[in-house]
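Raw protein-v5.csv, CSV, C-alpha atoms:
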chain,number,residue,atom,x,y,z
O,1,MET,CA,7.7,9.2,21.5
O,2,ALA,CA,8.9,7.9,18.1
O,3,LYS,CA,7.9,4.4,17.3
O,4,MET,CA,10.5,1.8,16.5
O,5,ARG,CA,10.7,0.0,13.2
O,6,ALA,CA,11.7,-3.6,12.6
O,7,ARG,CA,15.4,-2.8,12.1
O,8,ASP,CA,15.5,-0.7,15.3
O,9,LEU,CA,14.6,-3.8,17.3
O,10,GLY,CA,17.6,-5.8,16.0
O,11,LEU,CA,15.4,-8.3,14.3
O,12,ASP,CA,17.0,-10.5,11.6
O,13,VAL,CA,15.7,-8.4,8.7
O,14,PRO,CA,17.2,-9.5,5.3
O,15,GLY,CA,18.3,-7.2,2.5
O,16,LEU,CA,19.9,-3.8,2.0
O,17,PRO,CA,17.4,-0.9,2.3
O,18,GLY,CA,17.6,2.5,0.8
O,19,PRO,CA,18.5,5.5,3.0
O,20,LEU,CA,14.9,6.0,4.2
O,21,ASN,CA,13.8,2.4,3.9
O,22,ALA,CA,10.7,3.7,2.2
O,23,ILE,CA,8.9,3.8,-1.1
O,24,THR,CA,10.2,7.4,-1.5
O,25,ASP,CA,13.7,6.0,-1.9
O,26,VAL,CA,12.6,5.5,-5.5
O,27,PRO,CA,13.6,8.9,-7.1
O,28,GLY,CA,10.6,11.1,-7.9
O,29,VAL,CA,8.0,9.1,-5.9
O,30,GLU,CA,6.1,11.2,-3.4
O,31,VAL,CA,3.6,10.2,-0.6
O,32,GLY,CA,1.0,12.3,1.1
O,33,GLN,CA,-1.6,11.3,3.8
O,34,THR,CA,-4.7,12.7,5.3
O,35,THR,CA,-5.7,11.3,8.7
O,36,ILE,CA,-9.3,11.8,10.0
O,37,ILE,CA,-9.9,11.0,13.7
O,38,SER,CA,-12.9,12.4,15.6
O,39,GLY,CA,-15.4,11.3,18.2
O,40,ASP,CA,-15.4,8.7,20.9
O,41,GLY,CA,-17.7,6.1,22.3
O,42,PRO,CA,-20.1,3.6,20.6
O,43,LEU,CA,-20.9,3.6,17.0
O,44,GLN,CA,-23.6,6.1,16.0
O,45,SER,CA,-23.5,6.1,12.2
O,46,PRO,CA,-23.3,8.5,10.4
O,47,LYS,CA,-22.0,10.6,13.2
O,48,GLY,CA,-18.9,8.5,14.1
O,49,PRO,CA,-16.6,7.8,15.7
O,50,VAL,CA,-14.3,8.4,12.7
O,51,ARG,CA,-10.9,6.6,12.3
O,52,THR,CA,-10.0,6.8,8.6
O,53,GLY,CA,-8.1,8.7,5.9
O,54,VAL,CA,-6.4,8.7,2.5
O,55,THR,CA,-2.9,7.8,1.4
O,56,ALA,CA,-1.7,9.3,-2.0
O,57,ILE,CA,1.3,8.0,-3.9
O,58,LEU,CA,2.4,10.2,-6.8
O,59,PRO,CA,4.8,8.2,-9.0
O,60,ARG,CA,6.1,11.3,-10.7
O,61,GLY,CA,5.5,13.8,-7.9
O,62,HIS,CA,3.8,17.0,-8.8
O,63,ASP,CA,5.2,17.2,-12.3
O,64,ASN,CA,2.5,18.7,-14.5
O,65,GLU,CA,3.6,16.8,-17.7
O,66,LEU,CA,1.2,14.0,-18.5
O,67,SER,CA,3.6,11.1,-18.6
O,68,PRO,CA,2.6,7.5,-17.9
O,69,VAL,CA,4.3,5.1,-15.6
O,70,TRP,CA,4.5,1.5,-16.7
O,71,ALA,CA,2.6,-0.9,-14.5
O,72,GLY,CA,1.4,-4.4,-13.8
O,73,ILE,CA,-1.1,-5.7,-11.2
O,74,TYR,CA,-1.9,-9.0,-9.5
O,75,ALA,CA,-4.7,-10.1,-7.2
O,76,LEU,CA,-3.9,-13.0,-4.9
O,77,ASN,CA,-7.5,-12.8,-3.6
O,78,GLY,CA,-10.0,-10.5,-5.3
O,79,ASN,CA,-12.3,-9.6,-2.5
O,80,GLY,CA,-11.5,-5.9,-2.9
O,81,GLU,CA,-11.2,-3.0,-5.4
O,82,MET,CA,-8.5,-1.3,-7.4
O,83,THR,CA,-9.8,1.0,-10.0
O,84,GLY,CA,-8.1,1.3,-13.4
O,85,SER,CA,-7.0,-2.3,-13.2
O,86,HIS,CA,-8.5,-3.3,-16.5
O,87,TRP,CA,-6.6,-0.6,-18.4
O,88,ILE,CA,-3.4,-1.5,-16.6
O,89,LYS,CA,-3.8,-5.1,-17.8
O,90,ASP,CA,-4.5,-4.0,-21.4
O,91,GLY,CA,-2.4,-0.8,-21.7
O,92,GLY,CA,0.4,-1.6,-19.3
O,93,TYR,CA,0.5,1.9,-17.8
O,94,PHE,CA,-1.5,4.6,-15.9
O,95,HIS,CA,-1.4,8.3,-15.4
O,96,GLY,CA,-1.8,10.3,-12.2
O,97,PRO,CA,-1.9,9.4,-8.5
O,98,VAL,CA,-2.5,6.1,-6.7
O,99,LEU,CA,-4.9,6.5,-3.7
O,100,ILE,CA,-5.6,4.1,-0.9
O,101,THR,CA,-8.6,4.6,1.4
O,102,ASN,CA,-11.4,2.6,3.0
O,103,THR,CA,-13.9,0.5,1.1
O,104,GLN,CA,-16.8,2.9,1.2
O,105,SER,CA,-14.7,5.9,0.1
O,106,VAL,CA,-13.4,4.6,-3.3
O,107,GLY,CA,-16.0,6.6,-5.2
O,108,MET,CA,-15.1,9.9,-3.5
O,109,ALA,CA,-11.4,9.3,-3.9
O,110,HIS,CA,-11.8,8.6,-7.6
O,111,HIS,CA,-14.0,11.7,-8.0
O,112,ALA,CA,-11.5,13.9,-6.2
O,113,ALA,CA,-8.5,12.5,-8.0
O,114,THR,CA,-10.2,13.0,-11.4
O,115,GLY,CA,-10.8,16.6,-10.6
O,116,TRP,CA,-7.2,17.0,-9.4
O,117,MET,CA,-5.9,15.6,-12.7
O,118,ILE,CA,-8.2,17.9,-14.8
O,119,ASP,CA,-6.9,20.9,-12.9
O,120,HIS,CA,-3.2,19.7,-12.7
O,121,TYR,CA,-2.5,18.5,-16.3
O,122,PRO,CA,-3.0,21.1,-19.0
O,123,GLN,CA,-3.3,18.4,-21.7
O,124,ILE,CA,-6.4,16.9,-20.1
O,125,ARG,CA,-8.1,20.3,-20.2
O,126,GLU,CA,-7.0,20.9,-23.8
O,127,ASP,CA,-7.4,17.5,-25.4
O,128,HIS,CA,-9.9,14.7,-25.6
O,129,PHE,CA,-8.3,12.6,-22.9
O,130,TRP,CA,-9.7,10.5,-20.1
O,131,CYS,CA,-8.8,10.5,-16.4
O,132,MET,CA,-8.4,7.1,-14.8
O,133,PRO,CA,-6.8,7.3,-11.4
O,134,VAL,CA,-5.9,4.2,-9.5
O,135,VAL,CA,-7.9,3.9,-6.2
O,136,ALA,CA,-7.6,0.9,-3.9
O,137,GLU,CA,-9.2,0.1,-0.6
O,138,THR,CA,-9.3,-2.0,2.5
O,139,TYR,CA,-12.2,-2.3,5.1
O,140,ASP,CA,-11.9,-0.3,8.3
O,141,GLY,CA,-15.4,-0.8,9.6
O,142,CYS,CA,-14.2,-2.5,12.8
O,143,LEU,CA,-12.6,0.7,14.1
O,144,ASN,CA,-14.3,3.4,11.9
O,145,ASP,CA,-17.9,4.5,11.1
O,146,ILE,CA,-17.3,3.3,7.5
O,147,ASN,CA,-20.9,3.7,6.4
O,148,GLY,CA,-20.8,7.4,7.5
O,149,ARG,CA,-18.5,8.0,4.5
O,150,HIS,CA,-16.5,10.7,6.2
O,151,VAL,CA,-13.8,10.9,3.6
O,152,LYS,CA,-14.6,14.1,1.5
O,153,GLU,CA,-13.2,15.6,-1.6
O,154,GLU,CA,-11.1,18.0,0.5
O,155,HIS,CA,-9.4,15.1,2.4
O,156,VAL,CA,-8.4,13.4,-0.8
O,157,LEU,CA,-7.0,16.7,-2.3
O,158,ALA,CA,-5.1,17.4,0.9
O,159,ALA,CA,-3.4,14.0,0.7
O,160,ILE,CA,-2.4,14.6,-2.9
O,161,ASP,CA,-1.3,18.2,-2.4
O,162,SER,CA,0.7,17.3,0.7
O,163,ALA,CA,2.6,14.5,-1.1
O,164,LYS,CA,6.4,14.9,-0.9
O,165,GLY,CA,9.6,12.9,-0.8
O,166,GLY,CA,11.4,12.0,2.4
O,167,PRO,CA,10.3,9.9,5.3
O,168,VAL,CA,6.8,8.3,5.2
O,169,ALA,CA,4.6,8.3,8.3
O,170,GLU,CA,3.6,4.7,9.3
O,171,GLY,CA,0.9,3.1,11.4
O,172,ALA,CA,-2.5,4.6,12.1
O,173,VAL,CA,-2.1,7.3,9.4
O,174,GLY,CA,-3.7,8.1,6.0
O,175,GLY,CA,-5.8,5.2,4.5
O,176,GLY,CA,-4.3,3.0,7.2
O,177,THR,CA,-5.8,4.8,10.1
O,178,GLY,CA,-8.6,2.3,10.9
O,179,MET,CA,-6.9,-0.9,9.8
O,180,ILE,CA,-6.1,-4.1,11.7
O,181,ALA,CA,-3.4,-6.7,10.9
O,182,TYR,CA,-3.1,-10.1,12.6
O,183,GLU,CA,-5.6,-8.8,15.2
O,184,TYR,CA,-3.1,-6.1,16.2
O,185,LYS,CA,-3.5,-2.5,15.0
O,186,GLY,CA,-2.3,-2.4,11.4
O,187,GLY,CA,-2.2,0.4,8.9
O,188,THR,CA,0.4,2.1,6.6
O,189,GLY,CA,3.9,0.6,6.3
O,190,THR,CA,6.8,1.0,4.0
O,191,ALA,CA,10.3,-0.4,3.2
O,192,SER,CA,12.8,-0.5,0.3
O,193,ARG,CA,15.7,-2.4,-1.1
O,194,LYS,CA,18.7,-1.4,-3.2
O,195,ILE,CA,19.8,-3.5,-6.2
O,196,GLY,CA,22.9,-1.9,-7.7
O,197,ASP,CA,21.9,1.5,-9.1
O,198,HIS,CA,18.2,0.7,-8.8
O,199,THR,CA,15.7,0.8,-5.9
O,200,VAL,CA,12.5,-1.2,-5.2
O,201,GLY,CA,10.2,0.5,-2.7
O,202,VAL,CA,7.0,-0.8,-1.2
O,203,LEU,CA,4.1,0.8,0.6
O,204,VAL,CA,1.4,-1.4,2.2
O,205,GLN,CA,-2.1,-0.8,3.7
O,206,ALA,CA,-2.1,-3.8,6.0
O,207,ASN,CA,-5.6,-4.9,7.2
O,208,HIS,CA,-5.4,-8.7,7.1
O,209,GLY,CA,-4.6,-11.9,8.9
O,210,ILE,CA,-5.4,-13.5,12.2
O,211,ARG,CA,-3.1,-13.9,15.2
O,212,ASP,CA,-2.5,-17.6,14.8
O,213,TRP,CA,-0.9,-17.0,11.4
O,214,LEU,CA,1.6,-14.3,12.5
O,215,THR,CA,5.2,-15.0,11.5
O,216,VAL,CA,8.0,-12.4,11.9
O,217,PHE,CA,11.1,-12.8,9.7
O,218,GLY,CA,10.9,-16.6,9.7
O,219,THR,CA,9.8,-17.1,13.3
O,220,ARG,CA,6.1,-18.2,14.0
O,221,VAL,CA,5.0,-16.1,17.0
O,222,GLY,CA,1.2,-15.7,16.7
O,223,HIS,CA,0.5,-18.7,18.9
O,224,LEU,CA,2.5,-17.2,21.7
O,225,MET,CA,0.9,-13.7,21.6
O,226,ARG,CA,-2.6,-14.3,22.8
O,227,ASP,CA,-3.5,-10.8,24.2
O,228,ASP,CA,-6.6,-9.1,23.1
O,229,LEU,CA,-7.8,-11.3,20.3
O,230,LEU,CA,-10.6,-9.9,18.1
O,231,PHE,CA,-11.8,-12.3,15.5
O,232,ASP,CA,-12.7,-16.0,14.9
O,233,GLN,CA,-11.7,-15.8,11.2
O,234,GLU,CA,-9.8,-13.6,8.8
O,235,ARG,CA,-11.8,-10.6,7.6
O,236,GLY,CA,-9.5,-8.0,6.2
O,237,SER,CA,-7.4,-7.1,3.1
O,238,ILE,CA,-4.0,-5.7,2.1
O,239,ILE,CA,-3.0,-3.4,-0.7
O,240,VAL,CA,0.7,-3.5,-1.7
O,241,VAL,CA,2.2,-0.8,-4.0
O,242,VAL,CA,5.6,-1.7,-5.4
O,243,ALA,CA,7.6,1.1,-7.1
O,244,THR,CA,11.0,0.9,-8.9
O,245,ASP,CA,13.2,3.0,-11.1
O,246,ALA,CA,14.5,-0.1,-12.9
O,247,PRO,CA,13.4,-0.3,-16.5
O,248,MET,CA,10.7,-3.0,-16.8
O,249,MET,CA,8.1,-3.9,-19.4
O,250,PRO,CA,4.5,-4.1,-18.2
O,251,HIS,CA,4.4,-7.9,-18.3
O,252,GLN,CA,7.6,-7.9,-16.1
O,253,LEU,CA,6.0,-5.5,-13.7
O,254,GLN,CA,3.0,-7.9,-13.4
O,255,ARG,CA,5.4,-10.6,-12.4
O,256,LEU,CA,7.0,-8.2,-9.9
O,257,ALA,CA,3.6,-7.4,-8.4
O,258,ARG,CA,3.0,-11.1,-8.0
O,259,ARG,CA,6.0,-11.4,-5.7
O,260,ALA,CA,4.2,-9.2,-3.1
O,261,ALA,CA,2.0,-12.3,-2.5
O,262,ILE,CA,5.1,-14.1,-1.4
O,263,GLY,CA,6.0,-11.2,0.8
O,264,ILE,CA,2.7,-11.1,2.7
O,265,GLY,CA,2.8,-14.9,2.8
O,266,ARG,CA,6.1,-14.7,4.8
O,267,ASN,CA,4.2,-12.9,7.5
O,268,GLY,CA,1.8,-15.9,7.7
O,269,THR,CA,-1.3,-15.1,5.7
O,270,PRO,CA,-2.5,-17.7,3.2
O,271,GLY,CA,-4.7,-15.0,1.6
O,272,GLY,CA,-8.0,-15.6,3.3
O,273,ASN,CA,-11.4,-15.8,1.6
O,274,ASN,CA,-12.6,-12.5,3.1
O,275,SER,CA,-9.3,-10.7,2.1
O,276,GLY,CA,-8.7,-8.5,-0.9
O,277,ASP,CA,-5.0,-9.0,-1.5
O,278,ILE,CA,-4.3,-6.7,-4.5
O,279,PHE,CA,-0.9,-5.6,-5.7
O,280,LEU,CA,0.3,-2.9,-8.1
O,281,ALA,CA,3.9,-2.5,-9.4
O,282,PHE,CA,5.1,0.4,-11.4
O,283,SER,CA,8.3,1.7,-13.0
O,284,THR,CA,9.3,5.3,-13.4
O,285,ALA,CA,11.9,4.4,-16.1
O,286,ASN,CA,11.3,4.9,-19.8
O,287,ARG,CA,9.8,8.2,-19.3
O,288,ARG,CA,8.1,9.9,-22.2
O,289,SER,CA,5.2,12.3,-22.7
O,290,ARG,CA,1.8,11.1,-23.5
O,291,ALA,CA,1.9,13.1,-26.8
O,292,SER,CA,5.0,11.2,-27.9
O,293,MET,CA,3.0,7.9,-27.7
O,294,GLU,CA,0.2,8.9,-30.0
O,295,THR,CA,1.7,7.5,-33.2
O,296,GLY,CA,4.8,6.0,-34.8
O,297,VAL,CA,7.3,3.4,-33.7
O,298,LEU,CA,8.4,3.6,-30.1
O,299,SER,CA,11.5,2.3,-28.3
O,300,PHE,CA,11.8,0.9,-24.8
O,301,ASP,CA,14.6,-0.2,-22.5
O,302,TRP,CA,14.0,-3.2,-20.2
O,303,LEU,CA,16.0,-5.6,-18.1
O,304,SER,CA,16.7,-9.1,-19.2
O,305,ASP,CA,14.5,-11.6,-17.5
O,306,ASN,CA,17.6,-13.4,-16.4
O,307,ASP,CA,18.5,-10.4,-14.2
O,308,PHE,CA,15.2,-10.4,-12.4
O,309,ASP,CA,15.8,-12.6,-9.3
O,310,PRO,CA,17.3,-9.8,-7.2
O,311,TYR,CA,14.3,-7.6,-8.0
O,312,TYR,CA,11.9,-10.3,-7.1
O,313,LEU,CA,13.6,-10.9,-3.8
O,314,ALA,CA,13.6,-7.2,-3.1
O,315,ALA,CA,9.9,-7.0,-3.6
O,316,VAL,CA,9.3,-10.0,-1.3
O,317,GLU,CA,11.6,-8.7,1.4
O,318,ALA,CA,10.4,-5.1,1.4
O,319,THR,CA,6.7,-6.2,1.5
O,320,GLU,CA,7.4,-8.5,4.5
O,321,GLU,CA,9.2,-5.7,6.3
O,322,ALA,CA,6.6,-3.0,5.5
O,323,VAL,CA,3.8,-5.0,7.1
O,324,ILE,CA,5.8,-5.4,10.4
O,325,ASN,CA,6.7,-1.7,10.3
O,326,ALA,CA,3.0,-0.8,9.9
O,327,MET,CA,2.2,-2.9,13.0
O,328,LEU,CA,5.1,-1.6,15.2
O,329,ALA,CA,4.1,2.1,14.3
O,330,ALA,CA,0.5,1.7,15.3
O,331,GLU,CA,-1.4,2.7,18.5
O,332,ASP,CA,-4.3,1.3,20.5
O,333,PHE,CA,-7.9,2.0,19.2
O,334,GLU,CA,-11.2,1.0,20.8
O,335,THR,CA,-13.2,-1.3,18.5
O,336,LEU,CA,-16.7,-0.5,17.2
O,337,LYS,CA,-17.4,-4.0,15.8
O,338,PRO,CA,-17.2,-5.9,18.0
O,339,ALA,CA,-18.0,-3.1,20.4
O,340,GLY,CA,-16.1,-2.3,23.5
O,341,LYS,CA,-12.9,-4.2,22.8
O,342,VAL,CA,-9.5,-2.7,22.2
O,343,CYS,CA,-7.4,-3.2,19.1
O,344,ARG,CA,-3.9,-3.2,20.6
O,345,ALA,CA,-0.7,-2.0,18.9
O,346,MET,CA,2.0,-4.7,18.9
O,347,ARG,CA,4.4,-4.0,21.7
O,348,PRO,CA,8.1,-4.4,20.7
O,349,GLU,CA,9.0,-6.0,24.0
O,350,ALA,CA,6.2,-8.6,23.6
O,351,LEU,CA,7.3,-9.4,20.1
O,352,LEU,CA,10.9,-9.8,21.2
O,353,ALA,CA,9.9,-12.1,24.0
O,354,ALA,CA,7.8,-14.2,21.7
O,355,ILE,CA,10.6,-14.6,19.3
O,356,ALA,CA,13.0,-15.6,22.0
O,357,GLN,CA,10.5,-18.1,23.4
O,358,ALA,CA,9.9,-19.6,19.9
O,359,LYS,CA,13.6,-20.0,19.4
O,360,GLY,CA,14.0,-21.7,22.7
O,361,GLY,CA,15.6,-18.7,24.5
O,362,ALA,CA,13.0,-18.2,27.1
Can the structure from this file be put into structure tokens for me?
Amino acid sequence: MAKMRARDLGLDVPGLPGPLNAITDVPGVEVGQTTIISGDGPLQSPKGPVRTGVTAILPRGHDNELSPVWAGIYALNGNGEMTGSHWIKDGGYFHGPVLITNTQSVGMAHHAATGWMIDHYPQIREDHFWCMPVVAETYDGCLNDINGRHVKEEHVLAAIDSAKGGPVAEGAVGGGTGMIAYEYKGGTGTASRKIGDHTVGVLVQANHGIRDWLTVFGTRVGHLMRDDLLFDQERGSIIVVVATDAPMMPHQLQRLARRAAIGIGRNGTPGGNNSGDIFLAFSTANRRSRASMETGVLSFDWLSDNDFDPYYLAAVEATEEAVINAMLAAEDFETLKPAGKVCRAMRPEALLAAIAQAKGGA
């Protein structure tokens, strides 16, 4: 049975989405996912159980021309990892895929993505050029045998190779397979907004928050939804990837990435100490080949700062909605730490009842 998204429930979701309400509404952006689920019962590392995976975002799809995308990053709380961040801060762009997985699999994802780039881009094989893929993580050790390091090179390559446009699977899929959000099952979520001829799309790997904080489109509901609590304090992270086809300079994209912090804050999190809240924004506009950037005077189109408010709002709204979509698309998983509990998916009927109660309707 297909899971319902936030808009399917009739919730008061602000903003105008793209046709898919997904990051793939940004032209050229493709997403692929590998989900690894095996084994049952108590934790027996390194044998399992396994509940993990990889999500791949290809800003320019499978095009084999080495062409950068302009980018900016922001960390609300830095208890996490996003590789390539130092170069993005200095250079303002990156090449190749963006990968999201679990904490212990960053190295494997980076290794596999480097190999994919060497094989995929002729210029890397022919020239003296480095590979610096972007790999981000959140911790799935409550539901997955994370120390077993079950993500292998073939899983990463499968996620990259399967990337395509169109609808994006949400919930317990890809890198989001073993994630928890607000003590409900979390995972992968996406949403988008249209601003004139441009699109802002967001993909999240939601693994953050505690129930008391949960707020859904302006209504605080966590204090009313007390089923199957798991933690006594926040212990997760969230990665947000914001994509757009609007022309933006790197420093403007850094500011756009910063707005994802407001988006996750709308859902209630203050950015807990144990959370890695790390955000990447990129623009597919101003396309040029790497070779054309080697020398000379270059030109660049960008939006006026005075025109940015709708794009900031789009990033905030799409991030907020993507987190809720991730939670609504999830399914129940038995926990490994703490053992023997169940991490429940958020039931739509329970959410609607809590919203009605909070608003005084029940």
**Item:** Residue contacts of Arg259 in chain O (10 Å, only C-alpha atoms) excluding same-chain residues fewer than 3 positions away, as a ChimeraX atom specification
**Value:** /O:74,242,253-256,262-265,279,281,311-317,319
Can you check which parts of range 100-166 of chain O lie within 9 Å of range 201-217 of chain O? Per residue, the shortest pair of atoms and distance in Å to one decimal, counting only C-alpha atoms, sorted by chain and number, as CSV.
residue,atom,partner,partner_atom,distance
O:Ile100,CA,O:Gln205,CA,7.6
O:Thr101,CA,O:Gln205,CA,8.8
O:Glu137,CA,O:Gln205,CA,8.3
O:Thr138,CA,O:Asn207,CA,6.6
O:Tyr139,CA,O:Asn207,CA,7.4
O:Asp140,CA,O:Asn207,CA,7.9
**Message:** Between CA of Thr199 in chain O and CA of Pro17 in chain O, what distance in Å does the model show, to one decimal?
**Reply:** 8.5 Å
**Request:** Find the residues near range 104-108 of chain O: any atom within 7 Å, counting only C-alpha atoms, skip ones fewer than 3 places away on the same chain, and give them as a PyMOL selection string.
**Result:** chain O and resi 101+111-112+135-137+146-147+149+151-153
**Request:** Mind giving me the straight-line distance from CA of Pro97 in chain O to CA of Ala246 in chain O in Å, one decimal?
**Result:** 19.5 Å
**Asked** With distances taken over all atoms listed in the file, which of O:Arg220, O:Val240, O:Arg290, O:Arg266 is nearest to Ala354 in chain O?
**Response** O:Arg220
12 Å contact set for His95 in chain O, all atoms listed in the file, chain neighbours under 3 positions out, as an mmCIF file with C-alpha atoms, in the coordinates of the input:
data_model
loop_
_atom_site.group_PDB
_atom_site.id
_atom_site.type_symbol
_atom_site.label_atom_id
_atom_site.label_comp_id
_atom_site.auth_asym_id
_atom_site.auth_seq_id
_atom_site.Cartn_x
_atom_site.Cartn_y
_atom_site.Cartn_z
ATOM 1 C CA ILE O 57 1.300 8.000 -3.900
ATOM 2 C CA LEU O 58 2.400 10.200 -6.800
ATOM 3 C CA PRO O 59 4.800 8.200 -9.000
ATOM 4 C CA ARG O 60 6.100 11.300 -10.700
ATOM 5 C CA GLY O 61 5.500 13.800 -7.900
ATOM 6 C CA ASP O 63 5.200 17.200 -12.300
ATOM 7 C CA ASN O 64 2.500 18.700 -14.500
ATOM 8 C CA GLU O 65 3.600 16.800 -17.700
ATOM 9 C CA LEU O 66 1.200 14.000 -18.500
ATOM 10 C CA SER O 67 3.600 11.100 -18.600
ATOM 11 C CA PRO O 68 2.600 7.500 -17.900
ATOM 12 C CA VAL O 69 4.300 5.100 -15.600
ATOM 13 C CA TRP O 70 4.500 1.500 -16.700
ATOM 14 C CA ALA O 71 2.600 -0.900 -14.500
ATOM 15 C CA GLY O 84 -8.100 1.300 -13.400
ATOM 16 C CA TRP O 87 -6.600 -0.600 -18.400
ATOM 17 C CA ILE O 88 -3.400 -1.500 -16.600
ATOM 18 C CA GLY O 91 -2.400 -0.800 -21.700
ATOM 19 C CA GLY O 92 0.400 -1.600 -19.300
ATOM 20 C CA VAL O 98 -2.500 6.100 -6.700
ATOM 21 C CA ALA O 113 -8.500 12.500 -8.000
ATOM 22 C CA THR O 114 -10.200 13.000 -11.400
ATOM 23 C CA MET O 117 -5.900 15.600 -12.700
ATOM 24 C CA ILE O 118 -8.200 17.900 -14.800
ATOM 25 C CA HIS O 120 -3.200 19.700 -12.700
ATOM 26 C CA TYR O 121 -2.500 18.500 -16.300
ATOM 27 C CA ILE O 124 -6.400 16.900 -20.100
ATOM 28 C CA PHE O 129 -8.300 12.600 -22.900
ATOM 29 C CA TRP O 130 -9.700 10.500 -20.100
ATOM 30 C CA CYS O 131 -8.800 10.500 -16.400
ATOM 31 C CA MET O 132 -8.400 7.100 -14.800
ATOM 32 C CA PRO O 133 -6.800 7.300 -11.400
ATOM 33 C CA VAL O 134 -5.900 4.200 -9.500
ATOM 34 C CA PHE O 282 5.100 0.400 -11.400
ATOM 35 C CA SER O 283 8.300 1.700 -13.000
ATOM 36 C CA THR O 284 9.300 5.300 -13.400
ATOM 37 C CA ARG O 287 9.800 8.200 -19.300
ATOM 38 C CA ARG O 288 8.100 9.900 -22.200
ATOM 39 C CA SER O 289 5.200 12.300 -22.700
ATOM 40 C CA ARG O 290 1.800 11.100 -23.500
#
**Message:** I'd like the interatomic distance between CA of Gly166 in chain O and CA of Ala75 in chain O, to a tenth of an Å.
**Reply:**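 Between CA of Gly166 in chain O and CA of Ala75 in chain O the gap works out to 29.0 Å.
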**Asked** Which residue out of O:Gly271, O:Ala318, O:Ile324, O:Arg347 has the minimum interatomic distance to Asn77 in chain O when only C-alpha atoms are used?
**Response**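 Of O:Gly271, O:Ala318, O:Ile324, O:Arg347, the one nearest Asn77 in chain O is O:Gly271, counting only C-alpha atoms.
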**Asked** Closest to Pro348 in chain O among O:His155, O:Val31, O:Pro14, O:Met327, using only C-alpha atoms?
**Response**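 The shortest atom-to-atom distance to Pro348 in chain O comes from O:Met327.
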Can you write range 31-41 of chain O from the block above with N, CA, C and O atoms, as a PDB file, in the first residue's frame?
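Okay, this is what ended up in decode_36.pdb:
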ATOM      1  N   VAL O  31      18.385  10.923  -8.708  1.00  0.00           N
ATOM      2  CA  VAL O  31      18.564  10.294  -7.399  1.00  0.00           C
ATOM      3  C   VAL O  31      18.505   8.780  -7.562  1.00  0.00           C
ATOM      4  O   VAL O  31      17.629   8.254  -8.251  1.00  0.00           O
ATOM      5  N   GLY O  32      19.441   8.085  -6.912  1.00  0.00           N
ATOM      6  CA  GLY O  32      19.437   6.625  -6.864  1.00  0.00           C
ATOM      7  C   GLY O  32      19.647   6.153  -5.434  1.00  0.00           C
ATOM      8  O   GLY O  32      20.293   6.846  -4.638  1.00  0.00           O
ATOM      9  N   GLN O  33      19.117   4.984  -5.105  1.00  0.00           N
ATOM     10  CA  GLN O  33      19.222   4.491  -3.730  1.00  0.00           C
ATOM     11  C   GLN O  33      19.447   2.987  -3.702  1.00  0.00           C
ATOM     12  O   GLN O  33      18.859   2.250  -4.485  1.00  0.00           O
ATOM     13  N   THR O  34      20.294   2.562  -2.776  1.00  0.00           N
ATOM     14  CA  THR O  34      20.487   1.151  -2.467  1.00  0.00           C
ATOM     15  C   THR O  34      20.066   0.925  -1.023  1.00  0.00           C
ATOM     16  O   THR O  34      20.555   1.603  -0.114  1.00  0.00           O
ATOM     17  N   THR O  35      19.152  -0.011  -0.826  1.00  0.00           N
ATOM     18  CA  THR O  35      18.639  -0.341   0.498  1.00  0.00           C
ATOM     19  C   THR O  35      19.100  -1.741   0.871  1.00  0.00           C
ATOM     20  O   THR O  35      18.939  -2.680   0.086  1.00  0.00           O
ATOM     21  N   ILE O  36      19.696  -1.878   2.059  1.00  0.00           N
ATOM     22  CA  ILE O  36      20.239  -3.166   2.507  1.00  0.00           C
ATOM     23  C   ILE O  36      19.520  -3.572   3.782  1.00  0.00           C
ATOM     24  O   ILE O  36      19.703  -2.953   4.838  1.00  0.00           O
ATOM     25  N   ILE O  37      18.705  -4.610   3.699  1.00  0.00           N
ATOM     26  CA  ILE O  37      17.969  -5.123   4.853  1.00  0.00           C
ATOM     27  C   ILE O  37      18.149  -6.630   4.905  1.00  0.00           C
ATOM     28  O   ILE O  37      17.808  -7.331   3.941  1.00  0.00           O
ATOM     29  N   SER O  38      18.711  -7.114   5.996  1.00  0.00           N
ATOM     30  CA  SER O  38      18.876  -8.558   6.157  1.00  0.00           C
ATOM     31  C   SER O  38      19.003  -8.895   7.635  1.00  0.00           C
ATOM     32  O   SER O  38      19.485  -8.090   8.428  1.00  0.00           O
ATOM     33  N   GLY O  39      18.557 -10.109   7.989  1.00  0.00           N
ATOM     34  CA  GLY O  39      18.697 -10.606   9.347  1.00  0.00           C
ATOM     35  C   GLY O  39      17.628 -10.109  10.293  1.00  0.00           C
ATOM     36  O   GLY O  39      16.968  -9.096  10.042  1.00  0.00           O
ATOM     37  N   ASP O  40      17.457 -10.837  11.378  1.00  0.00           N
ATOM     38  CA  ASP O  40      16.490 -10.494  12.419  1.00  0.00           C
ATOM     39  C   ASP O  40      17.089 -10.817  13.781  1.00  0.00           C
ATOM     40  O   ASP O  40      18.156 -11.438  13.881  1.00  0.00           O
ATOM     41  N   GLY O  41      16.377 -10.414  14.828  1.00  0.00           N
ATOM     42  CA  GLY O  41      16.790 -10.761  16.176  1.00  0.00           C
ATOM     43  C   GLY O  41      17.762  -9.774  16.770  1.00  0.00           C
ATOM     44  O   GLY O  41      17.968  -8.680  16.254  1.00  0.00           O
TER      45      GLY O  41
END
